[in-house]
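Undergrad: If it helps, the file is called structure10.cif and holds mmCIF, C-alpha atoms:
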data_target
loop_
_atom_site.label_atom_id
_atom_site.label_comp_id
_atom_site.auth_asym_id
_atom_site.auth_seq_id
_atom_site.Cartn_x
_atom_site.Cartn_y
_atom_site.Cartn_z
CA MET L 1 0.99 14.08 13.79
CA ALA L 2 2.04 13.85 10.13
CA LEU L 3 3.17 10.23 10.46
CA GLU L 4 -0.09 9.29 12.14
CA LEU L 5 -2.05 10.85 9.27
CA LEU L 6 0.13 9.13 6.66
CA LYS L 7 0.68 5.74 8.35
CA ASP L 8 -1.72 3.81 6.10
CA HIS L 9 0.24 5.09 3.08
CA LEU L 10 3.69 4.30 4.46
CA LYS L 11 3.62 0.52 4.21
CA GLU L 12 6.36 -1.91 3.20
CA GLY L 13 7.43 -1.14 -0.36
CA ASP L 14 5.73 2.26 -0.66
CA THR L 15 7.43 5.37 -2.05
CA ALA L 16 7.12 8.71 -0.24
CA LEU L 17 8.14 12.33 -0.69
CA ASP L 18 9.11 14.69 2.15
CA VAL L 19 8.97 18.30 0.91
CA GLY L 20 11.08 20.64 3.04
CA SER L 21 13.01 17.75 4.55
CA GLY L 22 15.24 20.03 6.64
CA SER L 23 17.16 18.00 9.23
CA GLY L 24 16.09 14.67 7.71
CA TYR L 25 14.33 13.44 10.84
CA LEU L 26 10.89 12.88 9.30
CA THR L 27 12.46 11.47 6.13
CA VAL L 28 14.17 8.76 8.20
CA CYS L 29 10.96 8.00 10.11
CA MET L 30 9.13 7.58 6.82
CA ALA L 31 11.92 5.35 5.46
CA LEU L 32 11.72 3.07 8.48
CA MET L 33 7.96 2.79 7.95
CA VAL L 34 8.21 1.87 4.24
CA GLY L 35 10.76 -0.82 5.04
CA SER L 36 13.53 -2.40 3.03
CA LYS L 37 11.60 -2.39 -0.24
CA GLY L 38 10.38 1.21 0.05
CA LYS L 39 11.97 4.51 -0.86
CA VAL L 40 11.70 8.04 0.49
CA VAL L 41 12.83 11.23 -1.21
CA GLY L 42 13.61 14.27 0.90
CA ILE L 43 13.75 17.56 -0.99
CA ASP L 44 14.89 20.97 0.22
CA HIS L 45 15.97 24.02 -1.74
CA ILE L 46 18.64 25.17 0.72
CA ARG L 47 21.99 23.43 0.13
CA GLY L 48 22.97 23.79 3.78
CA LEU L 49 19.83 21.92 4.87
CA VAL L 50 20.45 19.19 2.30
CA ASP L 51 23.98 18.79 3.69
CA LEU L 52 22.70 18.83 7.29
CA SER L 53 20.11 16.21 6.43
CA LEU L 54 22.69 13.92 4.85
CA GLU L 55 25.07 14.43 7.77
CA ASN L 56 22.36 13.56 10.29
CA ILE L 57 21.13 10.53 8.37
CA ASN L 58 24.64 9.20 7.73
CA LYS L 59 25.50 9.56 11.41
CA HIS L 60 22.71 7.29 12.63
CA HIS L 61 21.15 5.54 9.62
CA GLY L 62 23.78 5.66 6.89
CA GLU L 63 22.54 2.38 5.45
CA LEU L 64 19.35 4.14 4.36
CA VAL L 65 21.36 6.39 2.05
CA THR L 66 23.86 3.79 0.84
CA SER L 67 21.08 1.32 0.04
CA GLY L 68 19.12 3.97 -1.88
CA ARG L 69 16.12 3.73 0.44
CA VAL L 70 16.56 7.44 1.24
CA VAL L 71 17.41 9.97 -1.45
CA ILE L 72 18.02 13.59 -0.46
CA VAL L 73 17.94 16.16 -3.26
CA GLU L 74 18.29 19.91 -3.60
CA GLY L 75 15.39 21.44 -5.48
CA ASP L 76 12.16 23.40 -5.42
CA GLY L 77 9.80 21.28 -3.34
CA ARG L 78 6.78 22.93 -4.95
CA LEU L 79 7.72 20.99 -8.08
CA GLY L 80 8.17 17.69 -6.27
CA TYR L 81 10.63 15.15 -7.64
CA LYS L 82 9.35 13.51 -10.82
CA ALA L 83 12.23 11.05 -11.18
CA LEU L 84 10.85 8.71 -8.48
CA ALA L 85 7.14 9.57 -8.69
CA PRO L 86 4.42 8.55 -8.13
CA TYR L 87 4.36 8.72 -4.33
CA LYS L 88 1.96 6.88 -2.08
CA ALA L 89 2.57 9.49 0.65
CA ILE L 90 3.61 13.14 0.40
CA HIS L 91 4.40 15.28 3.43
CA VAL L 92 4.79 19.03 2.91
CA GLY L 93 6.51 20.85 5.77
CA ALA L 94 5.67 24.43 4.75
CA ALA L 95 2.46 26.30 3.94
CA SER L 96 1.35 26.81 0.35
CA PRO L 97 -1.41 29.20 -0.78
CA GLN L 98 -2.93 26.25 -2.70
CA ILE L 99 -2.13 22.62 -3.44
CA PRO L 100 0.74 22.68 -5.97
CA ASP L 101 -0.31 21.01 -9.23
CA ALA L 102 3.04 19.23 -9.56
CA LEU L 103 2.62 17.56 -6.17
CA LEU L 104 -0.93 16.53 -6.96
CA GLU L 105 0.24 15.02 -10.26
CA GLN L 106 2.97 13.06 -8.44
CA LEU L 107 0.57 11.67 -5.83
CA ALA L 108 -0.14 8.03 -6.68
CA PRO L 109 -3.68 6.73 -7.08
CA GLY L 110 -4.61 5.52 -3.60
CA GLY L 111 -2.13 8.01 -2.11
CA ARG L 112 -2.34 10.73 0.51
CA MET L 113 -0.73 14.14 0.89
CA ILE L 114 -0.61 16.18 4.09
CA ILE L 115 -0.01 19.87 3.42
CA PRO L 116 -0.55 23.15 5.28
CA ILE L 117 -2.62 25.52 3.13
CA GLY L 118 -2.60 29.30 3.59
CA THR L 119 -0.24 32.25 3.36
CA ALA L 120 2.24 33.57 5.89
CA LEU L 121 -0.20 36.31 6.92
CA SER L 122 -3.42 34.31 6.99
CA ASP L 123 -5.07 31.43 8.79
CA GLN L 124 -3.58 28.13 7.71
CA GLN L 125 -5.18 24.70 7.71
CA CYS L 126 -3.58 21.29 7.74
CA VAL L 127 -5.18 19.63 4.73
CA GLN L 128 -5.44 15.95 3.86
CA VAL L 129 -5.49 15.26 0.12
CA ASP L 130 -6.51 11.75 -0.92
CA LYS L 131 -6.35 10.52 -4.51
CA ASP L 132 -8.69 7.60 -5.13
CA LEU L 133 -7.74 4.71 -7.39
CA ASP L 134 -9.75 6.36 -10.20
CA ASN L 135 -7.72 9.59 -9.67
CA THR L 136 -10.62 11.41 -7.99
CA VAL L 137 -9.16 13.89 -5.50
CA LYS L 138 -10.74 14.53 -2.10
CA VAL L 139 -9.58 17.41 0.08
CA LYS L 140 -10.34 17.58 3.80
CA GLU L 141 -9.40 20.39 6.19
CA LEU L 142 -8.18 18.89 9.46
CA PHE L 143 -7.10 21.63 11.90
CA GLY L 144 -5.45 25.03 12.15
CA VAL L 145 -1.66 25.26 11.91
CA LEU L 146 1.11 27.83 11.58
CA PHE L 147 3.97 27.00 9.19
CA VAL L 148 6.60 28.98 7.34
CA PRO L 149 5.64 29.58 3.69
CA LEU L 150 6.59 27.15 0.92
CA THR L 151 8.75 29.44 -1.18
CA ASP L 152 11.57 29.53 -3.64
CA LYS L 153 15.18 29.67 -2.50
CA ARG L 154 15.63 33.39 -3.19
CA TYR L 155 12.63 34.36 -1.06
CA GLN L 156 13.69 32.18 1.85
CA LEU L 157 17.22 33.61 1.78
CA GLY L 158 15.86 37.18 1.66
CA GLN L 159 17.03 37.83 -1.91
CA ARG L 160 13.60 38.84 -3.23
#
If you took the structure in this file and wrote it as structure tokens, what would it be?
TA:
Amino acid sequence: MALELLKDHLKEGDTALDVGSGSGYLTVCMALMVGSKGKVVGIDHIRGLVDLSLENINKHHGELVTSGRVVIVEGDGRLGYKALAPYKAIHVGAASPQIPDALLEQLAPGGRMIIPIGTALSDQQCVQVDKDLDNTVKVKELFGVLFVPLTDKRYQLGQR
């Protein structure tokens, strides 16, 4: 569903961000969509998931990593990854209570973000965030979802 919602923002040469990249599957799909001139950053705050992602990608699509078309980093996804911003497409794979300011700032004019909004104990909505060329932001609720919360590393590992 996420790729369908983002497809018009994953064209040849575009740059994308996959927050909570986990196994790397969606990151690779996005990289194939943005083509040889595009770039996709996958970010996860759990080192084991970063390693798993790289292992999976290198096993089947190693050229994406060696060419620099896919970059996998360890970090707090709520903060995005400024080094390669702005992003034409941002996918967030965990629910946030609100749209993180850092991700909104890193969304390119003409870009789209798909993010689940809500808390772990509340109704969540898949939200489409579009930034017009004049930087006007439009938010549209799409449908109900249930995702794990977008948290920091300590919370996810139970080290509150």
Undergrad: Just give me the gap between atom CA of Ile72 of chain L and atom CA of Ala120 of chain L in Å, one decimal is fine.
TA: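 Interatomic distance here is 26.2 Å.
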Undergrad: By how many Å are atom CA of Thr119 of chain L and atom CA of Pro97 of chain L apart?
TA: 5.3 Å
Undergrad: Any chance you could resolve the PyMOL selection byres ((chain L and resi 58-71) around 8) against this file and give the residues as a tab-separated table (two decimals) with C-alpha atoms, keeping the file's coordinate frame?
TA:
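After the write, part.tsv holds the following:
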chain	number	residue	atom	x	y	z
L	27	THR	CA	12.46	11.47	6.13
L	28	VAL	CA	14.17	8.76	8.20
L	31	ALA	CA	11.92	5.35	5.46
L	36	SER	CA	13.53	-2.40	3.03
L	37	LYS	CA	11.60	-2.39	-0.24
L	38	GLY	CA	10.38	1.21	0.05
L	39	LYS	CA	11.97	4.51	-0.86
L	40	VAL	CA	11.70	8.04	0.49
L	41	VAL	CA	12.83	11.23	-1.21
L	42	GLY	CA	13.61	14.27	0.90
L	54	LEU	CA	22.69	13.92	4.85
L	55	GLU	CA	25.07	14.43	7.77
L	56	ASN	CA	22.36	13.56	10.29
L	57	ILE	CA	21.13	10.53	8.37
L	72	ILE	CA	18.02	13.59	-0.46
L	73	VAL	CA	17.94	16.16	-3.26
Undergrad: Using the chain letters and residue numbers of this document, give as a list in words the residues selected by the PyMOL selection byres ((chain L and resi 102) around 9).
TA: Arg78, Leu79, Gly80, Tyr81, Lys82, Ile99, Pro100, Asp101, Leu103, Leu104, Glu105, Gln106 and Leu107 of chain L
Undergrad: So, with all atoms listed in the file as the atoms that count, which of L:Leu121, L:Leu142, L:Ala16, L:Ile115 lies closest to Leu84 of chain L?
TA: L:Ala16
Undergrad: What residues have an atom no more than 12 Å from (-7.5, 3.9, 5.9) in the file's own frame, counting all atoms listed in the file, and can you write them as a PyMOL selection string?
TA: chain L and resi 4-11+110-112+130+132
Undergrad: Next, write the just-selected residues to a file, as a compact mmCIF listing (two decimals), in the frame of the given file, keeping C-alpha atoms as the atom set.
TA:
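Final file, out_39.txt:
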# COMPACT_ATOMS: atom_id res chain seq x y z
CA GLU L 4 -0.09 9.29 12.14
CA LEU L 5 -2.05 10.85 9.27
CA LEU L 6 0.13 9.13 6.66
CA LYS L 7 0.68 5.74 8.35
CA ASP L 8 -1.72 3.81 6.10
CA HIS L 9 0.24 5.09 3.08
CA LEU L 10 3.69 4.30 4.46
CA LYS L 11 3.62 0.52 4.21
CA GLY L 110 -4.61 5.52 -3.60
CA GLY L 111 -2.13 8.01 -2.11
CA ARG L 112 -2.34 10.73 0.51
CA ASP L 130 -6.51 11.75 -0.92
CA ASP L 132 -8.69 7.60 -5.13
Undergrad: Please write the residues picked by the PyMOL selection byres ((chain L and resi 75) around 7) on this file as a VMD selection string.
TA: chain L and resid 43 to 45 73 to 74 76 to 77
Undergrad: What does the structure give for the distance between atom CA of Gly22 of chain L and atom CA of Val34 of chain L, in Å to one decimal?
TA: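 Answer for the atom CA of Gly22 of chain L to atom CA of Val34 of chain L separation: 19.6 Å.
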